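Visitor: This is the structure I want to talk about, given as structure tokens.
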Amino acid sequence: MSEVRVNDLSVRIGGQAGDGSLTTGDLLAKALKRMGLWVIALKDFPSRIRGGHTNYTIRAKDAPIWGPGNALDFLLAFDMESVEIHSGEIQPGGVVIYDNSRGEQVPDSLHAKGVHYLGVPLSNIARSELGLELMKNTVALGVLAELLSLDDTIFHDILASTYGRKGPTVVEKNKRAFDLGRRQAAQAPKPPYRITGNGENPKRLLITGDEAIGYGALAAGCRFLAAYPITPATDILEWMAKYLPKYNGVVIQAEDELAAINMAIGAAHAGARAMTSTSGPGFSLMTEAMALAGMVEVPVVIVDCQRPGPSTGLPTKTEQGDLNHAIFGAHGDFPRIVLSPANAEEAFYLIAEAFNLAERFQCPVIFLTEQLVAMSKQTIPPLDLSRITIDRGKLVREPVQNNEEWPFRRFAITEEGISPRPIPSVPGGMFIAKGSEHLESGAYSESPKNRTLMTLKRMRKLERAKEAVPPPVLTGDPTARVGIIGFGGTYGPILEAMEMLAKEGITTKYLRLRTLWPFPAEEIRRFVQESEIVFVVEQNATGQLRGLVERCVGPQEKVESLLKFDGQPFKPLEIATRIDALLVGPERVPARANRARR
Amino acid sequence: MATVIKAQRNPKDYEGLKPVWCPGCGDFGVLNALKKVLADLNIDPKDIALVTGIGCSSQISSFLKAYAFHGVHGRLLPVATAIKLMNPHLTVIGAGGDGDGYAIGLSHFLHAVRRNVDITYIVMNNQVYGLTKGQASPTAAFGFVTTSTPQGTRERDVDGVKLALAAGATFVARGFSGDVPQLVRLFKEALQHPGFALVDVLSPCVTYNRVNTYDWFRENILNLDEDPEYDPTDRVKVLTKIMTLDRIPTGLIFKDPSSKPYSRLLLKDPDNPPALEELRVRPELAELQEQFV
């Protein structure tokens with residue numbers, strides 16, 4: 001293993017929760033980003049406050065990346081448990097840096113071929129030289145910087161900006177810790193890595209999906225958020241709590257998710273753009289009021305940051321198991337729109353579009369994302385606010401003509417199913433927003449004829465919405481015989497898997513769904529028809545997206561599920577291997593792919 | 001949006017659809033008192049947001065002319081809270097029954113009290129579930145026999161007034177549908193209170209509750225408004241008094257003169273309601289990216 005890996009690096013920092021691995025990881029991520037690399041920082045932490053193994057993976061590359069890599073290059077292990085858990089993932093040429101302050105040694109049984117093990121008394125140095133054990137993080141960072149021959153300046157700058165608030169003494173101590181770490185590793189053999197970065201575009205952002213959702217919502221004019229804290233959606237609540245009030249908006253930490261969504265509905269009914277954010281368990285509670293929003297035709301945006309269920313499931317891990325719930329959950333028939341972003345960048349623009357769609361079609365919009373996208377820090381290009389538009393649909397703010405009529409026919413049956421929506425205080429617009437079946441005025445009605453007409457009116461909106469929602473994105477060679485269908489955070493791993501397969505001579509194409517409802521049936525039908533084998537890649541156990549695909553095309557042998565539901569995001573290799581493996585089967589082999597295989 | 005100054009309104013200006021309550025239902029008293037108060041205060045119907053839950057009494061949102069919201073069971077307070085925050089110019093009234101407020105919506109009730117959001121909440125309390133034809137409600141007295149409690153309830157009753165007081169409510173009153181003039185006074189004061197105002201109204205169900213009738217209430221209530229010694233501003237004394245009464249207190253029970261409404265605490269610019277903002281993408285928001293660089 002003498003090949004030098006250039007600008008392609010995965011570093012995992014492992015220890016006990018509270019050890020400070022998140023801080024170390026953030027510092028490293030920032031440094032690599034400033035060198036011009038694309039970085040993703042993936043949190044894998046236990047669902048408890050302190051203690052328990054936690055790890056943070058920083059991946060950097062000179063191309064955009066949106067998920068974990070196939071293997072690790074470096075492991076910063078603050079305890080031996082971390083070595084035990086992760087050293088198997090280190091690829092040859094990599095280094096395990098472990099704390100040997102108490103004479104710890106890595107047992108032979110854990111030694112992997114081609115991996116170097118470097119014991120450094122991180123805690124001892126921190127305690128004796130700096131007087132604070134937590135400084136071991138910065139010492140470790142110095143060790144890593146030395147092994148990778150990284151320049152001091154960027155690290156010193158970042159230490160200064162990170163710890164500046166705590167005063168110059170703390171900054172100086174950290175710089176010293178960093179230098180001590182460097183010195184510790186000065187004699188160690190240099191592993192075969194070269195990080196040059198390219199220094200281009202230092203304005204790129206390092207942002208989580210949650211932050212991007214909050215920011216995008218604010219930019220789109222959202223003035224109200226009600227939410228109950230829940231991982232992995234809490235960061236939306238916290239980000240908005242900090243910024244929304246500055247723009248005359250309101251954030252309420254509700255008593256539960258029932259209140260949260262009803263508040264958002266009230267705010268939207270009043271005329272403000274309103275949102276609620278949650279994860280699976282909270283989303284379950286919200287389904288009753290989601291149906292209310294469908295019935296009273298109130299535009300409300302519901303963010304579901306998925307985590308593995310059912311029940312409490314794995315609160316801090318990732319999954320895409322709420323898809324059916326988002327599309328089919330709640331009682332009765334009503335129109336809804338379900339969107340899903342690939343990454344933090346798309347989340348920003350797509351959440352803004354969610355508000356437009358909600359107001360244009362006067363229905364709930366579910367914004368379905370997942371822990372991987374919601375909580376990972378991702379490197380994205382600067383955000384362009386001029387790409388955001390505001391379309392409030394048939395909102396009525398001017399006095400209604402002929403305003404002696406009461407109640408106003410808020411639910412007028414129109415060809416497109418959308419009716420004028422006055423907000424409280426508009427003269428002549430008074431109506432009854434009724435959750436029971438109602439006439440055009442909102443007055444209660446049990447008339448079978450009206451019931452039929454009203455149901456059809458509401459559902460007609462979905463037909464119109466089909467033309468307005470973001471269509472699927474086709475990537476790769478459109479003539480490829482191997483097709484991949486996916487949504488949300490599988491985006492990054494799928495793209496990388498496609499690259500890997502291309503290197504093997506297997507060309508693929510990929511249809512990524514940004515809108516999950518109304519389901520892009522036509523595009524799916526065409527895509528499946530034009531493929532000889534289709535892999536539906538998703539992170540759940542039952543193939544929920546595949547089920548939706550089969551609703552369109554019927555059960556077909558050529559449609560394969562590629563599933564993962566262990567709480568961890570896909571690695572590119574997992575996807576590539578499973579596609580590769582199925583292509584060698586005797587009957588299913590698409591001819592071109594067959595030829596391409598040696 | 002400023003209220004258009006018009007000639008003095010009268011209760012007919014607030015007439016909505018024809019009520020479908022049973023003849024003699026206590027809720028008629030609430031509706032009539034409310035229309036009278038709104039006329040007296042000369043509030044433009046378009047500036048009223050009336051939010052209700054589910055139950056016989058919650059149908060009031062169709063019977064009074066306003067911007068009405070008839071939502072799901074027990075959740076009217078979260079809806080009303082947000083409407084008020086997004087447009088503090090509106091007069092926001094929540095109305096529902098005892099099942100809606102003290103059973104399925106109890107948690108929202110206590111949290112609305114905590115928030116002191118400036119809305120008026122009217123609970124039409126008849127101690128029974130009328131719309132589902134006669135099951136025990138959480139305010140039904142211990143031993144109350146209904147179709148769902150054939151042996152009599154084995155649960156103690158909830159008292160919304162005491163709960164509100166204990167939770168720190170800034171305005172607590174109780175009226176009786178059989179005394180509309182008092183209801184008018186209480187509603188008027190509640191609507192003008194700068195904070196969350198609870199008016200629990202003893203509102204007899206003439207169909208499913210043959211125990212707690214108009215006559216029964218007349219014999220069992222104690223009108224504190226008639227007691228010149230009663231001080232409704234001292235929470236501890238008020239609680240002590242009503243916890244030891246052997247009759248049901250009515251009248252203005254408690255009022256905190258220092259109440260500060262939630263919307264004033266939360267909104268940076270309450271005079272410019274977010275609901276009425278002319279939305280545009282603000283280019284200056286691009287600066288927020290700096291935190292991520």
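The way I read the labels, and the way they are meant: chains A, B, ... in the order of the structure tokens, residue 1 as the first residue of every chain, and ligand 1 as the first ligand shown, with later ones counted on from there.
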Near Lys255 in chain B, counting only C-alpha atoms, which residues have an atom at most 12 Å away, once you skip same-chain residues fewer than 2 positions from it, shown as a PDB file with C-alpha atoms, in the first residue's frame?
Guide:
ATOM      1  CA  ALA B 164     -56.519  27.824  36.711  1.00  0.00           C
ATOM      2  CA  LEU B 165     -55.896  29.595  39.995  1.00  0.00           C
ATOM      3  CA  GLY B 168     -51.218  31.091  37.972  1.00  0.00           C
ATOM      4  CA  ALA B 169     -54.132  32.365  35.894  1.00  0.00           C
ATOM      5  CA  THR B 170     -54.468  36.146  35.807  1.00  0.00           C
ATOM      6  CA  PHE B 171     -58.236  36.202  35.301  1.00  0.00           C
ATOM      7  CA  VAL B 172     -60.690  33.614  36.561  1.00  0.00           C
ATOM      8  CA  ALA B 173     -64.446  33.950  36.575  1.00  0.00           C
ATOM      9  CA  LEU B 186     -67.976  38.829  33.292  1.00  0.00           C
ATOM     10  CA  GLU B 189     -64.291  42.239  31.887  1.00  0.00           C
ATOM     11  CA  ALA B 190     -62.671  39.095  30.471  1.00  0.00           C
ATOM     12  CA  GLN B 192     -60.791  43.640  28.298  1.00  0.00           C
ATOM     13  CA  HIS B 193     -58.311  41.736  30.463  1.00  0.00           C
ATOM     14  CA  PRO B 194     -54.739  41.949  29.154  1.00  0.00           C
ATOM     15  CA  GLY B 195     -54.002  38.264  29.511  1.00  0.00           C
ATOM     16  CA  PHE B 196     -55.616  34.847  29.571  1.00  0.00           C
ATOM     17  CA  ALA B 197     -59.162  35.098  30.896  1.00  0.00           C
ATOM     18  CA  LEU B 198     -61.089  31.993  31.892  1.00  0.00           C
ATOM     19  CA  VAL B 199     -64.844  32.187  32.204  1.00  0.00           C
ATOM     20  CA  ASP B 231     -61.218  40.648  47.383  1.00  0.00           C
ATOM     21  CA  PRO B 232     -60.570  39.040  43.992  1.00  0.00           C
ATOM     22  CA  THR B 233     -56.964  40.232  43.765  1.00  0.00           C
ATOM     23  CA  ASP B 234     -55.381  38.166  46.553  1.00  0.00           C
ATOM     24  CA  ARG B 235     -54.672  34.729  45.100  1.00  0.00           C
ATOM     25  CA  VAL B 238     -59.150  33.488  47.019  1.00  0.00           C
ATOM     26  CA  GLY B 251     -68.682  35.833  39.808  1.00  0.00           C
ATOM     27  CA  LEU B 252     -65.311  37.457  39.269  1.00  0.00           C
ATOM     28  CA  ILE B 253     -63.182  35.089  41.299  1.00  0.00           C
ATOM     29  CA  PRO B 257     -54.134  43.744  37.867  1.00  0.00           C
ATOM     30  CA  SER B 258     -50.456  43.471  36.907  1.00  0.00           C
ATOM     31  CA  SER B 259     -51.034  40.959  34.102  1.00  0.00           C
TER      32      SER B 259
END
Visitor: Would you mind listing what lies within 10 Å of Glu219 in chain B as a PyMOL selection string, with only C-alpha atoms counted and same-chain residues fewer than 4 positions away left out?
Guide: chain B and resi 213-215+247-248
Visitor: Store the residues of this selection in a file with N, CA, C and O atoms, as a CSV table (one decimal), in the first residue's frame.
Guide:
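Result went into out-v1.csv, see below:
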chain,number,residue,atom,x,y,z
B,213,THR,N,-79.6,20.8,37.3
B,213,THR,CA,-80.5,21.6,36.5
B,213,THR,C,-80.4,23.1,36.9
B,213,THR,O,-79.7,23.5,37.8
B,214,TYR,N,-81.2,24.0,36.1
B,214,TYR,CA,-81.1,25.4,36.5
B,214,TYR,C,-81.5,25.6,38.0
B,214,TYR,O,-80.8,26.3,38.7
B,215,ASP,N,-82.5,24.9,38.4
B,215,ASP,CA,-83.0,25.0,39.8
B,215,ASP,C,-81.9,24.5,40.8
B,215,ASP,O,-81.6,25.1,41.8
B,247,ARG,N,-70.4,25.6,48.6
B,247,ARG,CA,-71.2,25.9,47.5
B,247,ARG,C,-70.3,26.2,46.3
B,247,ARG,O,-69.1,26.4,46.4
B,248,ILE,N,-70.9,26.3,45.1
B,248,ILE,CA,-70.1,26.6,43.9
B,248,ILE,C,-70.0,28.1,43.7
B,248,ILE,O,-71.0,28.8,43.6
Visitor: If the cut-off is 8 Å, can you tell me the residues of chain B near chain A, counting only C-alpha atoms? I'd like them as a ChimeraX atom specification.
Guide: /B:1,46-49,61-62,65-72,75-76,78-83,85-87,90,107-108,111,266-270,274-277,279-283,285-286,289,292-293
Visitor: Could you turn the residues from that selection into a file that holds C-alpha atoms, as an mmCIF file, in the first residue's frame?
Guide:
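In the end it all went to selection.cif:
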data_model
loop_
_atom_site.group_PDB
_atom_site.id
_atom_site.type_symbol
_atom_site.label_atom_id
_atom_site.label_comp_id
_atom_site.auth_asym_id
_atom_site.auth_seq_id
_atom_site.Cartn_x
_atom_site.Cartn_y
_atom_site.Cartn_z
ATOM 1 C CA MET B 1 -55.593 47.259 11.039
ATOM 2 C CA LYS B 46 -64.361 40.865 11.131
ATOM 3 C CA ASP B 47 -61.903 41.556 13.947
ATOM 4 C CA ILE B 48 -63.108 38.661 16.041
ATOM 5 C CA ALA B 49 -61.515 35.248 15.787
ATOM 6 C CA SER B 61 -68.593 29.188 16.162
ATOM 7 C CA SER B 62 -71.334 28.845 13.540
ATOM 8 C CA LYS B 65 -70.818 36.116 13.104
ATOM 9 C CA ALA B 66 -67.024 36.333 13.191
ATOM 10 C CA TYR B 67 -63.970 34.718 11.635
ATOM 11 C CA ALA B 68 -64.709 31.275 12.976
ATOM 12 C CA PHE B 69 -62.438 28.289 13.372
ATOM 13 C CA HIS B 70 -64.048 25.017 14.324
ATOM 14 C CA GLY B 71 -61.109 22.674 14.889
ATOM 15 C CA VAL B 72 -60.580 19.284 16.476
ATOM 16 C CA ARG B 75 -57.117 21.696 20.698
ATOM 17 C CA LEU B 76 -58.813 25.057 20.406
ATOM 18 C CA PRO B 78 -53.232 26.141 20.734
ATOM 19 C CA VAL B 79 -55.059 27.398 17.631
ATOM 20 C CA ALA B 80 -56.374 30.487 19.411
ATOM 21 C CA THR B 81 -52.977 31.189 21.005
ATOM 22 C CA ALA B 82 -51.220 31.310 17.660
ATOM 23 C CA ILE B 83 -53.924 33.413 15.990
ATOM 24 C CA LEU B 85 -49.756 36.019 18.472
ATOM 25 C CA MET B 86 -49.762 36.432 14.719
ATOM 26 C CA ASN B 87 -52.402 39.170 14.855
ATOM 27 C CA LEU B 90 -57.850 40.580 16.761
ATOM 28 C CA SER B 107 -52.843 19.990 29.161
ATOM 29 C CA HIS B 108 -53.374 22.794 26.645
ATOM 30 C CA HIS B 111 -50.249 25.724 29.322
ATOM 31 C CA LEU B 266 -43.086 37.645 22.501
ATOM 32 C CA LEU B 267 -43.490 39.951 19.537
ATOM 33 C CA LYS B 268 -40.766 42.414 18.751
ATOM 34 C CA ASP B 269 -43.251 44.704 17.075
ATOM 35 C CA PRO B 270 -46.754 43.796 18.262
ATOM 36 C CA PRO B 274 -46.830 39.216 11.397
ATOM 37 C CA ALA B 275 -50.081 37.947 9.860
ATOM 38 C CA LEU B 276 -50.450 41.220 7.955
ATOM 39 C CA GLU B 277 -46.830 41.565 6.849
ATOM 40 C CA LEU B 279 -43.823 39.223 2.667
ATOM 41 C CA ARG B 280 -40.773 39.598 0.490
ATOM 42 C CA VAL B 281 -37.376 37.955 0.487
ATOM 43 C CA ARG B 282 -35.109 40.218 2.489
ATOM 44 C CA PRO B 283 -31.660 40.397 0.908
ATOM 45 C CA LEU B 285 -30.854 37.837 5.484
ATOM 46 C CA ALA B 286 -27.913 36.683 3.345
ATOM 47 C CA GLN B 289 -24.582 32.891 6.351
ATOM 48 C CA PHE B 292 -21.618 29.011 8.848
ATOM 49 C CA VAL B 293 -18.449 30.140 7.077
#
Visitor: Please return, as a compact mmCIF listing (two decimals) with N, CA, C and O atoms, in the first residue's frame, all residues of range 11-230 of chain B that DSSP assigns to strand (DSSP E or B) on the basis of the backbone.
Guide:
# COMPACT_ATOMS: atom_id res chain seq x y z
N GLU B 15 -75.28 38.11 14.66
CA GLU B 15 -76.09 36.92 14.47
C GLU B 15 -75.51 36.02 13.39
O GLU B 15 -75.30 36.46 12.26
N ILE B 48 -62.96 39.69 15.01
CA ILE B 48 -63.11 38.66 16.04
C ILE B 48 -62.69 37.32 15.45
O ILE B 48 -63.12 36.95 14.36
N ALA B 49 -61.82 36.64 16.15
CA ALA B 49 -61.52 35.25 15.79
C ALA B 49 -62.12 34.38 16.87
O ALA B 49 -61.72 34.45 18.04
N LEU B 50 -63.10 33.59 16.48
CA LEU B 50 -63.76 32.70 17.44
C LEU B 50 -63.32 31.28 17.15
O LEU B 50 -63.53 30.76 16.05
N VAL B 51 -62.67 30.67 18.12
CA VAL B 51 -62.09 29.34 17.91
C VAL B 51 -62.78 28.35 18.84
O VAL B 51 -62.87 28.60 20.05
N THR B 52 -63.25 27.25 18.28
CA THR B 52 -63.93 26.27 19.12
C THR B 52 -63.40 24.87 18.88
O THR B 52 -62.70 24.60 17.91
N LEU B 64 -72.36 32.59 15.73
CA LEU B 64 -71.98 33.97 15.98
C LEU B 64 -71.17 34.45 14.79
O LEU B 64 -70.30 33.73 14.29
N TYR B 67 -64.86 35.67 12.32
CA TYR B 67 -63.97 34.72 11.64
C TYR B 67 -63.92 33.50 12.54
O TYR B 67 -63.35 33.55 13.63
N ALA B 68 -64.55 32.43 12.10
CA ALA B 68 -64.71 31.27 12.98
C ALA B 68 -63.74 30.16 12.60
O ALA B 68 -63.43 29.95 11.42
N PHE B 69 -63.28 29.47 13.60
CA PHE B 69 -62.44 28.29 13.37
C PHE B 69 -62.97 27.17 14.24
O PHE B 69 -62.95 27.25 15.47
N HIS B 70 -63.46 26.14 13.59
CA HIS B 70 -64.05 25.02 14.32
C HIS B 70 -63.12 23.81 14.14
O HIS B 70 -63.21 23.09 13.16
N THR B 91 -59.62 40.33 18.36
CA THR B 91 -60.20 39.87 19.63
C THR B 91 -60.36 38.36 19.48
O THR B 91 -61.14 37.90 18.63
N VAL B 92 -59.61 37.62 20.25
CA VAL B 92 -59.63 36.16 20.09
C VAL B 92 -60.40 35.52 21.24
O VAL B 92 -60.09 35.75 22.41
N ILE B 93 -61.40 34.76 20.87
CA ILE B 93 -62.24 34.09 21.86
C ILE B 93 -62.20 32.59 21.61
O ILE B 93 -62.40 32.14 20.48
N GLY B 94 -61.87 31.85 22.64
CA GLY B 94 -61.95 30.39 22.55
C GLY B 94 -63.19 29.95 23.30
O GLY B 94 -63.52 30.50 24.35
N ALA B 95 -63.91 28.99 22.74
CA ALA B 95 -65.11 28.52 23.42
C ALA B 95 -65.28 27.04 23.20
O ALA B 95 -65.06 26.54 22.09
N GLY B 96 -65.67 26.34 24.25
CA GLY B 96 -65.88 24.90 24.12
C GLY B 96 -66.51 24.36 25.38
O GLY B 96 -66.90 25.12 26.29
N GLY B 97 -66.58 23.05 25.45
CA GLY B 97 -67.22 22.43 26.59
C GLY B 97 -66.24 21.96 27.64
O GLY B 97 -65.02 22.15 27.51
N THR B 120 -59.79 35.24 25.53
CA THR B 120 -60.85 34.89 26.48
C THR B 120 -61.27 33.46 26.20
O THR B 120 -61.51 33.11 25.04
N TYR B 121 -61.30 32.66 27.23
CA TYR B 121 -61.66 31.25 27.06
C TYR B 121 -62.94 30.97 27.83
O TYR B 121 -62.97 31.08 29.06
N ILE B 122 -63.97 30.63 27.10
CA ILE B 122 -65.28 30.35 27.71
C ILE B 122 -65.50 28.84 27.71
O ILE B 122 -65.50 28.20 26.65
N VAL B 123 -65.65 28.28 28.90
CA VAL B 123 -65.95 26.85 29.00
C VAL B 123 -67.41 26.69 29.38
O VAL B 123 -67.82 27.10 30.48
N MET B 124 -68.20 26.14 28.46
CA MET B 124 -69.61 25.87 28.77
C MET B 124 -69.68 24.52 29.44
O MET B 124 -69.54 23.48 28.80
N ASN B 125 -69.85 24.58 30.75
CA ASN B 125 -69.67 23.42 31.60
C ASN B 125 -71.02 22.83 31.98
O ASN B 125 -71.77 23.42 32.74
N VAL B 128 -71.51 16.86 31.41
CA VAL B 128 -71.92 15.66 30.68
C VAL B 128 -71.52 15.82 29.21
O VAL B 128 -71.33 16.94 28.74
N TYR B 129 -71.32 14.66 28.53
CA TYR B 129 -71.04 14.72 27.10
C TYR B 129 -72.37 14.66 26.36
O TYR B 129 -73.02 13.62 26.32
N GLN B 135 -72.57 10.70 28.24
CA GLN B 135 -71.58 10.05 29.11
C GLN B 135 -71.04 11.06 30.13
O GLN B 135 -71.17 12.27 29.97
N ALA B 136 -70.42 10.51 31.16
CA ALA B 136 -69.90 11.38 32.23
C ALA B 136 -68.75 12.23 31.71
O ALA B 136 -67.91 11.76 30.95
N PHE B 171 -56.81 35.83 35.27
CA PHE B 171 -58.24 36.20 35.30
C PHE B 171 -59.07 34.94 35.35
O PHE B 171 -58.99 34.09 34.45
N VAL B 172 -59.86 34.80 36.41
CA VAL B 172 -60.69 33.61 36.56
C VAL B 172 -62.09 34.05 36.98
O VAL B 172 -62.25 34.79 37.96
N ALA B 173 -63.06 33.61 36.21
CA ALA B 173 -64.45 33.95 36.57
C ALA B 173 -65.33 32.74 36.34
O ALA B 173 -64.95 31.82 35.61
N ARG B 174 -66.48 32.76 37.00
CA ARG B 174 -67.45 31.70 36.71
C ARG B 174 -68.83 32.33 36.61
O ARG B 174 -69.21 33.14 37.45
N GLY B 175 -69.51 31.99 35.56
CA GLY B 175 -70.87 32.50 35.38
C GLY B 175 -71.87 31.36 35.38
O GLY B 175 -71.52 30.19 35.54
N PHE B 176 -73.13 31.74 35.18
CA PHE B 176 -74.22 30.77 35.17
C PHE B 176 -75.18 31.19 34.07
O PHE B 176 -75.58 32.36 33.99
N ALA B 197 -57.99 34.95 30.03
CA ALA B 197 -59.16 35.10 30.90
C ALA B 197 -60.05 33.87 30.77
O ALA B 197 -60.57 33.58 29.69
N LEU B 198 -60.20 33.15 31.87
CA LEU B 198 -61.09 31.99 31.89
C LEU B 198 -62.46 32.40 32.42
O LEU B 198 -62.56 33.00 33.49
N VAL B 199 -63.49 32.08 31.65
CA VAL B 199 -64.84 32.19 32.20
C VAL B 199 -65.48 30.81 32.09
O VAL B 199 -65.80 30.34 31.00
N ASP B 200 -65.56 30.15 33.24
CA ASP B 200 -66.22 28.84 33.30
C ASP B 200 -67.70 29.14 33.50
O ASP B 200 -68.08 29.85 34.44
N VAL B 201 -68.53 28.61 32.59
CA VAL B 201 -69.96 28.93 32.68
C VAL B 201 -70.75 27.67 33.01
O VAL B 201 -70.68 26.68 32.27
N LEU B 202 -71.45 27.71 34.10
CA LEU B 202 -72.32 26.60 34.46
C LEU B 202 -73.50 26.66 33.50
O LEU B 202 -74.30 27.59 33.53
N ILE B 221 -75.24 27.62 44.11
CA ILE B 221 -74.17 28.56 43.82
C ILE B 221 -74.10 29.67 44.85
O ILE B 221 -75.07 29.97 45.53
N LEU B 222 -72.90 30.24 44.96
CA LEU B 222 -72.70 31.39 45.83
C LEU B 222 -72.09 32.49 44.96
O LEU B 222 -70.98 32.34 44.45
N ASN B 223 -72.83 33.55 44.78
CA ASN B 223 -72.37 34.64 43.90
C ASN B 223 -71.45 35.58 44.66
O ASN B 223 -71.88 36.41 45.46
Visitor: Among range 486-532 of chain A, which residues does DSSP mark as alpha helix (DSSP H) when it is run on the backbone? Keep the chain and numbering as in the structure and answer as number ranges by chain.
Guide: A: 491-503, 521-529
Visitor: Hey, what's within 7 Å of Val37 in chain B if we count only C-alpha atoms and toss same-chain stuff fewer than 4 positions away? As a PyMOL selection string, please?
Guide: chain B and resi 33+41+184+187-188
Visitor: To one decimal place in Å, what is the distance between CA of Met286 in chain A and CA of Pro308 in chain A?
Guide: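 It comes out at 17.7 Å.
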Visitor: Rank A:Ser109, A:Gln568, A:Thr312, A:Thr515 by their smallest atom-to-atom distance to Ala354 in chain A, using only C-alpha atoms, and report the top residue only.
Guide: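 Closest candidate: A:Thr515.
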Visitor: Find the distance between CA of Glu287 in chain B and CA of Ile230 in chain A and write it in Å to one decimal.
Guide: 28.4 Å
Visitor: Extract, using only C-alpha atoms, all DNA, RNA and protein residues at most 9 Å from range 537-539 of chain A, discarding same-chain residues fewer than 5 positions from it, and format them as JSON, numbers by chain.
Guide: {"A": [318, 319, 320, 321, 484, 485, 486, 487, 488, 490, 494, 544, 545, 546, 560, 561, 562, 563, 564, 565, 566, 567, 568, 569, 570, 575]}
Visitor: For Arg59 in chain A, which residue among A:Leu495, A:Val11, A:Leu28, A:Val115 is the nearest when counting only C-alpha atoms?
Guide: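 For Arg59 in chain A, the nearest of the given residues is A:Val11.
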Visitor: For Leu474 in chain A, list every protein, DNA or RNA residue within 8 Å, evaluated using only C-alpha atoms, and leave out those in the same chain fewer than 4 positions away; present the list as a list in words.
Guide: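 Once the adjacent positions are removed, what remains is Pro478, Lys509, Tyr510, Leu511 and Arg512 of chain A.
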Visitor: Taking 4 positions as the minimum chain separation for residues in the same chain, which residues sit within 9 Å of Glu523 in chain A when counting only C-alpha atoms? Answer as number ranges by chain.
Guide: A: 471-472, 511, 527-528
Visitor: Using only C-alpha atoms, which protein or nucleic acid residues come within 9 Å of range 36-46 of chain A? Drop anything in the same chain fewer than 6 positions from it, and give the result as a ChimeraX atom specification.
Guide: /A:7,17,22,25-26,29-30,52-68,196-202,204,206,315-317,372,375-380,568
